[in-house]
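Read the structure below first, then the notes.
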Amino acid sequence: MGNKWTETYLIHSNDIDYKSEARLSVLLSLAQRTADADLEQLGATRDQMIEAGMGWMLMTMDLRIGRMPKALEEIAIETWNKGPKGALWQRDFRIYSGGDIIAEACSIWALVDIQKRRMLRPSKFPFDVYINEEDSAGETPDKVTIPEDVPLRDAYRSVVRYSGIDASGHLNNSRYADLCMDTLTPDELAGLTYAGFRITYHHEARLGDEIQVKRSEVTDGRIYVSGQAGDGTHYFDAYLLLKETERSHG
């Protein structure tokens with residue numbers, strides 16, 4: 001054991017889109033799986049966490065993409081815990097192919113009481129944690145704030161159904177990326193390449209919840225996306241970051 005953990009994955013045919021590249025949600029799902037494996041090797045299995053009445057809630061994920069993995073490509077995802085930042089925790093990731101870094105991510109998590117749904121102090125975590133403060137995949141990500149002067153238009157409505165929920169009955173963290181990608185037009189999907197994705201989760205979406213998904217036009221190299229309830233509550237805010245060459249010609 002050490003202060004980093006690595007898992008390897010093969011990108012299968014059901015993980016890819018029509019470009020034969022891994023879907024954004026798959027990359028986030030594999031990162032989440034790697035983080036789970038890191039905690040499990042420390043003894044913090046899902047069952048033990050539930051027994052302790054605790055769980056992890058992802059607050060913000062910032063992914064920077066060199067390129068997306070392709071079909072049948074083997075990748076390695078490395079993760080490490082950077083330790084608590086006040087009441088929150090930071091976890092970083094690097095994604096490799098053939099020894100080269102193809103993506104990096106920084107994430108912010110909260111330890112929560114799963115019954116009361118409130119945050120717990122880091123000192124309440126009952127397991128030994130290996131902390132690596134020296135290595136860094138980037139700066140601590142700020143939460144996504146959509147500028148007030150950026151107009152959003154309705155893209156579509158989505159209902160949380162069986163296919164998207166996890167063991168807690170909530171829409172899985174990675175599936176929010178699909179909600180964002182589904183706002184894109186065929187021309188955008190075909191002609192744009194994405195350099196990053198940042199998302200902030202505000203409110204858990206449960207089975208049966210209806211989400212109004214809204215998006216902006218390309219604004220300063222970003223496409224902003226927001227998922228909202230009928231009463232205006234925000235489930236999430238996010239943005240897709242375009243490659244610099246496309247931003248300069250957009």
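Residues in the structure tokens are named by chain (A, B, ... in the order shown) and by number from 1 within that chain; ligands are numbered from 1 in the order shown.
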
Dump as a tab-separated table the rows for residues of range 123-174 of chain A within 12 Å of range 193-203 of chain A: closest atom pair and distance in Å with one decimal, only C-alpha atoms counted, ordered by chain and rising residue number.
residue	atom	partner	partner_atom	distance
A:Pro141	CA	A:Arg198	CA	8.6
A:Asp142	CA	A:Thr200	CA	8.8
A:Lys143	CA	A:Thr200	CA	5.6
A:Val144	CA	A:Thr200	CA	5.6
A:Thr145	CA	A:Thr200	CA	8.6
A:Ile146	CA	A:Thr200	CA	10.7
A:His170	CA	A:His203	CA	10.2
A:Leu171	CA	A:His203	CA	10.5
A:Asn172	CA	A:Tyr201	CA	11.1
A:Asn173	CA	A:Tyr201	CA	8.4
A:Ser174	CA	A:Ile199	CA	10.2

Would you output that residue set with C-alpha atoms, as a PDB file, in the first residue's frame?
ATOM      1  CA  PRO A 141     -11.402  23.580  -8.253  1.00  0.00           C
ATOM      2  CA  ASP A 142     -13.935  26.294  -7.529  1.00  0.00           C
ATOM      3  CA  LYS A 143     -17.580  25.395  -7.836  1.00  0.00           C
ATOM      4  CA  VAL A 144     -19.218  26.138 -11.166  1.00  0.00           C
ATOM      5  CA  THR A 145     -20.953  29.495 -11.226  1.00  0.00           C
ATOM      6  CA  ILE A 146     -22.779  30.370 -14.428  1.00  0.00           C
ATOM      7  CA  HIS A 170     -30.035   8.783  -6.641  1.00  0.00           C
ATOM      8  CA  LEU A 171     -28.862   9.617 -10.145  1.00  0.00           C
ATOM      9  CA  ASN A 172     -25.262   8.407 -10.297  1.00  0.00           C
ATOM     10  CA  ASN A 173     -22.615  11.153 -10.378  1.00  0.00           C
ATOM     11  CA  SER A 174     -21.235  10.080 -13.739  1.00  0.00           C
TER      12      SER A 174
END

Next on the checklist: What's around Ala76 in chain A at 10 Å? Count only C-alpha atoms, leave out sequence neighbours fewer than 5 positions away in its own chain, and write the answer as a PyMOL selection string.
Outcome noted: chain A and resi 6-10+30-31+34+94-101

Only N, CA and C atoms, please: the residues just picked out, written as a short mmCIF file (atom, residue, chain, number, x, y, z; two decimals), in the first residue's frame.
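And here's part-v5.cif as it stands now:
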data_model
loop_
_atom_site.label_atom_id
_atom_site.label_comp_id
_atom_site.auth_asym_id
_atom_site.auth_seq_id
_atom_site.Cartn_x
_atom_site.Cartn_y
_atom_site.Cartn_z
N THR A 6 -3.72 2.73 -8.20
CA THR A 6 -3.90 2.67 -9.65
C THR A 6 -4.73 1.46 -10.03
N GLU A 7 -5.66 1.67 -10.93
CA GLU A 7 -6.45 0.59 -11.53
C GLU A 7 -6.33 0.70 -13.04
N THR A 8 -6.34 -0.44 -13.72
CA THR A 8 -6.30 -0.45 -15.17
C THR A 8 -7.64 -0.92 -15.74
N TYR A 9 -8.00 -0.37 -16.89
CA TYR A 9 -9.29 -0.68 -17.52
C TYR A 9 -9.10 -0.79 -19.02
N LEU A 10 -9.91 -1.65 -19.62
CA LEU A 10 -10.00 -1.73 -21.07
C LEU A 10 -11.29 -1.04 -21.50
N LEU A 30 -15.24 5.50 -14.33
CA LEU A 30 -14.03 4.75 -14.03
C LEU A 30 -13.19 5.47 -12.97
N ALA A 31 -13.17 6.79 -12.99
CA ALA A 31 -12.48 7.54 -11.94
C ALA A 31 -13.14 7.27 -10.59
N THR A 34 -12.17 3.90 -9.35
CA THR A 34 -10.80 3.87 -8.84
C THR A 34 -10.73 4.46 -7.44
N ARG A 94 -5.00 11.01 -12.27
CA ARG A 94 -4.32 11.08 -13.56
C ARG A 94 -4.72 9.85 -14.36
N ILE A 95 -4.93 10.07 -15.65
CA ILE A 95 -5.33 8.99 -16.54
C ILE A 95 -4.23 8.81 -17.58
N TYR A 96 -3.71 7.58 -17.68
CA TYR A 96 -2.58 7.28 -18.54
C TYR A 96 -2.98 6.31 -19.65
N SER A 97 -2.28 6.42 -20.76
CA SER A 97 -2.32 5.42 -21.82
C SER A 97 -0.90 5.22 -22.31
N GLY A 98 -0.40 3.99 -22.19
CA GLY A 98 0.97 3.73 -22.63
C GLY A 98 2.01 4.57 -21.91
N GLY A 99 1.74 4.94 -20.69
CA GLY A 99 2.68 5.74 -19.92
C GLY A 99 2.52 7.24 -20.10
N ASP A 100 1.69 7.67 -21.04
CA ASP A 100 1.46 9.10 -21.28
C ASP A 100 0.20 9.57 -20.57
N ILE A 101 0.25 10.77 -20.02
CA ILE A 101 -0.92 11.34 -19.37
C ILE A 101 -1.87 11.85 -20.45
#

Next on the checklist: From a backbone DSSP assignment, name each residue in range 153-194 of chain A labelled strand (DSSP E), as a list in words.
Outcome noted: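 Those residues are Arg153, Asp154, Ala155, Tyr156, Arg157, Ser158, Val159 and Tyr194 of chain A.
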
Go ahead and save the picked residues with N, CA, C and O atoms, as a compact mmCIF listing (two decimals), in the first residue's frame.
# COMPACT_ATOMS: atom_id res chain seq x y z
N ARG A 153 -31.04 28.46 -22.43
CA ARG A 153 -32.30 28.08 -23.07
C ARG A 153 -32.64 26.64 -22.69
O ARG A 153 -31.76 25.83 -22.39
N ASP A 154 -33.92 26.33 -22.69
CA ASP A 154 -34.35 24.97 -22.40
C ASP A 154 -33.85 24.04 -23.50
O ASP A 154 -34.05 24.30 -24.69
N ALA A 155 -33.22 22.96 -23.10
CA ALA A 155 -32.75 21.96 -24.06
C ALA A 155 -33.71 20.77 -24.11
O ALA A 155 -34.18 20.40 -25.17
N TYR A 156 -34.02 20.20 -22.95
CA TYR A 156 -34.96 19.07 -22.89
C TYR A 156 -35.25 18.78 -21.42
O TYR A 156 -34.60 19.31 -20.52
N ARG A 157 -36.22 17.93 -21.19
CA ARG A 157 -36.53 17.46 -19.84
C ARG A 157 -36.12 16.00 -19.71
O ARG A 157 -36.28 15.22 -20.64
N SER A 158 -35.60 15.66 -18.55
CA SER A 158 -35.18 14.28 -18.29
C SER A 158 -35.77 13.82 -16.97
O SER A 158 -35.79 14.58 -15.99
N VAL A 159 -36.27 12.61 -16.94
CA VAL A 159 -36.79 12.01 -15.72
C VAL A 159 -35.81 10.96 -15.23
O VAL A 159 -35.33 10.13 -16.02
N TYR A 194 -13.38 18.60 -26.92
CA TYR A 194 -13.51 19.17 -25.58
C TYR A 194 -12.21 19.02 -24.80
O TYR A 194 -11.60 17.96 -24.77

Can you list, as a compact mmCIF listing (two decimals) with N, CA, C and O atoms, in the first residue's frame, every protein, DNA or RNA residue that comes within 7 Å of range 21-24 of chain A when you count only C-alpha atoms, leaving out same-chain residues fewer than 2 positions away?
# COMPACT_ATOMS: atom_id res chain seq x y z
N ILE A 11 -11.18 -0.15 -22.48
CA ILE A 11 -12.37 0.54 -23.00
C ILE A 11 -13.11 -0.40 -23.94
O ILE A 11 -12.62 -0.71 -25.03
N ASP A 15 -18.65 1.14 -24.05
CA ASP A 15 -18.17 2.34 -23.35
C ASP A 15 -17.99 3.52 -24.31
O ASP A 15 -17.67 4.62 -23.85
N ILE A 16 -18.16 3.30 -25.60
CA ILE A 16 -17.76 4.31 -26.59
C ILE A 16 -18.96 4.96 -27.26
O ILE A 16 -20.08 4.48 -27.19
N ASP A 17 -18.66 6.10 -27.90
CA ASP A 17 -19.69 6.80 -28.67
C ASP A 17 -19.49 6.51 -30.16
O ASP A 17 -18.71 5.64 -30.54
N LYS A 19 -17.91 8.08 -32.31
CA LYS A 19 -16.56 8.36 -32.77
C LYS A 19 -15.56 7.29 -32.33
O LYS A 19 -14.36 7.43 -32.54
N VAL A 26 -18.37 7.63 -18.99
CA VAL A 26 -17.58 6.44 -18.71
C VAL A 26 -16.28 6.81 -18.02
O VAL A 26 -15.86 6.17 -17.04
N LEU A 27 -15.63 7.86 -18.49
CA LEU A 27 -14.38 8.30 -17.86
C LEU A 27 -14.62 8.70 -16.41
O LEU A 27 -13.83 8.34 -15.52
N LEU A 28 -15.71 9.42 -16.15
CA LEU A 28 -16.02 9.80 -14.78
C LEU A 28 -16.38 8.58 -13.92
O LEU A 28 -16.02 8.50 -12.74
N MET A 68 -9.52 11.79 -25.48
CA MET A 68 -10.35 10.74 -24.92
C MET A 68 -9.80 9.37 -25.34
O MET A 68 -9.31 9.20 -26.46
N PRO A 69 -9.88 8.37 -24.45
CA PRO A 69 -9.46 7.01 -24.82
C PRO A 69 -10.35 6.46 -25.93
O PRO A 69 -11.51 6.84 -26.06
N LYS A 70 -9.80 5.52 -26.69
CA LYS A 70 -10.52 4.95 -27.82
C LYS A 70 -10.90 3.49 -27.53
O LYS A 70 -10.46 2.90 -26.55
N ALA A 71 -11.72 2.95 -28.40
CA ALA A 71 -12.18 1.57 -28.25
C ALA A 71 -11.01 0.61 -28.15
O ALA A 71 -10.02 0.72 -28.90
N ALA A 177 -22.97 13.73 -16.65
CA ALA A 177 -22.21 14.08 -17.86
C ALA A 177 -23.02 13.75 -19.10
O ALA A 177 -22.96 14.48 -20.10

Checklist entry - Excluding same-chain residues fewer than 6 positions from Pro151 in chain A, what lies within 9 Å of it counting only C-alpha atoms, as a ChimeraX atom specification? => result /A:215-217

Once you have the residues from the selection above, write them out as a short mmCIF file (atom, residue, chain, number, x, y, z; two decimals), in the first residue's frame, restricted to N, CA, C and O atoms.
data_model
loop_
_atom_site.label_atom_id
_atom_site.label_comp_id
_atom_site.auth_asym_id
_atom_site.auth_seq_id
_atom_site.Cartn_x
_atom_site.Cartn_y
_atom_site.Cartn_z
N ARG A 215 -29.09 24.99 -21.40
CA ARG A 215 -27.72 25.18 -21.87
C ARG A 215 -27.55 26.57 -22.48
O ARG A 215 -28.52 27.22 -22.89
N SER A 216 -26.31 27.00 -22.57
CA SER A 216 -25.98 28.26 -23.22
C SER A 216 -25.47 27.99 -24.63
O SER A 216 -25.21 26.85 -25.01
N GLU A 217 -25.31 29.04 -25.41
CA GLU A 217 -24.51 28.94 -26.63
C GLU A 217 -23.04 28.95 -26.21
O GLU A 217 -22.71 29.14 -25.05
#

Checklist entry - Got a sec: who's within 12 Å of Glu134 in chain A, counting only C-alpha atoms, leaving out chain neighbours fewer than 4 positions off, as a ChimeraX atom specification? => result /A:3-4,80-83,92,138

Checklist entry - What is the CA of Leu39 in chain A to CA of Ile75 in chain A distance in Å? => result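 Going from CA of Leu39 in chain A over to CA of Ile75 in chain A covers 20.2 Å.
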
Next on the checklist: Given only C-alpha atoms as the basis, pick out the residue of A:Thr60, A:His12, A:Ala105, A:Pro84 nearest to Leu72 in chain A.
Outcome noted: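 Closest to Leu72 in chain A of all the choices is A:His12.
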
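Here CA of Ala167 in chain A stands at a distance of 13.4 Å from CA of Met57 in chain A.
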
Checklist entry - Where in range 47-199 of chain A does DSSP assign helix (DSSP H, G or I), given as a PyMOL selection string? => result chain A and resi 47-51+122-124+162-164+175-181+186-191

Item to check | One-decimal distance in Å that lies between CA of Arg91 in chain A and CA of Trp109 in chain A | outcome: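 Between CA of Trp109 in chain A and CA of Arg91 in chain A the gap works out to 7.7 Å.
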
Quick one: residues within 8 Å of Thr219 in chain A, only C-alpha atoms, excluding same-chain residues fewer than 4 positions away - as a PDB file with N, CA, C and O atoms, in the first residue's frame?
ATOM      1  N   VAL A 150     -25.053  35.307 -18.909  1.00  0.00           N
ATOM      2  CA  VAL A 150     -25.057  34.233 -19.910  1.00  0.00           C
ATOM      3  C   VAL A 150     -26.458  33.629 -19.969  1.00  0.00           C
ATOM      4  O   VAL A 150     -26.906  32.997 -19.014  1.00  0.00           O
ATOM      5  N   ILE A 223     -19.494  25.869 -23.015  1.00  0.00           N
ATOM      6  CA  ILE A 223     -20.934  25.636 -23.105  1.00  0.00           C
ATOM      7  C   ILE A 223     -21.409  25.332 -21.690  1.00  0.00           C
ATOM      8  O   ILE A 223     -21.008  24.318 -21.099  1.00  0.00           O
ATOM      9  N   TYR A 224     -22.211  26.223 -21.139  1.00  0.00           N
ATOM     10  CA  TYR A 224     -22.723  26.039 -19.775  1.00  0.00           C
ATOM     11  C   TYR A 224     -23.995  25.206 -19.813  1.00  0.00           C
ATOM     12  O   TYR A 224     -24.827  25.360 -20.720  1.00  0.00           O
TER      13      TYR A 224
END

Checklist entry - For Asp113 in chain A, which of A:Asp62, A:Glu51, A:Glu133, A:Glu78 is the closest residue, counting only C-alpha atoms? => result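 The shortest atom-to-atom distance to Asp113 in chain A comes from A:Glu51.
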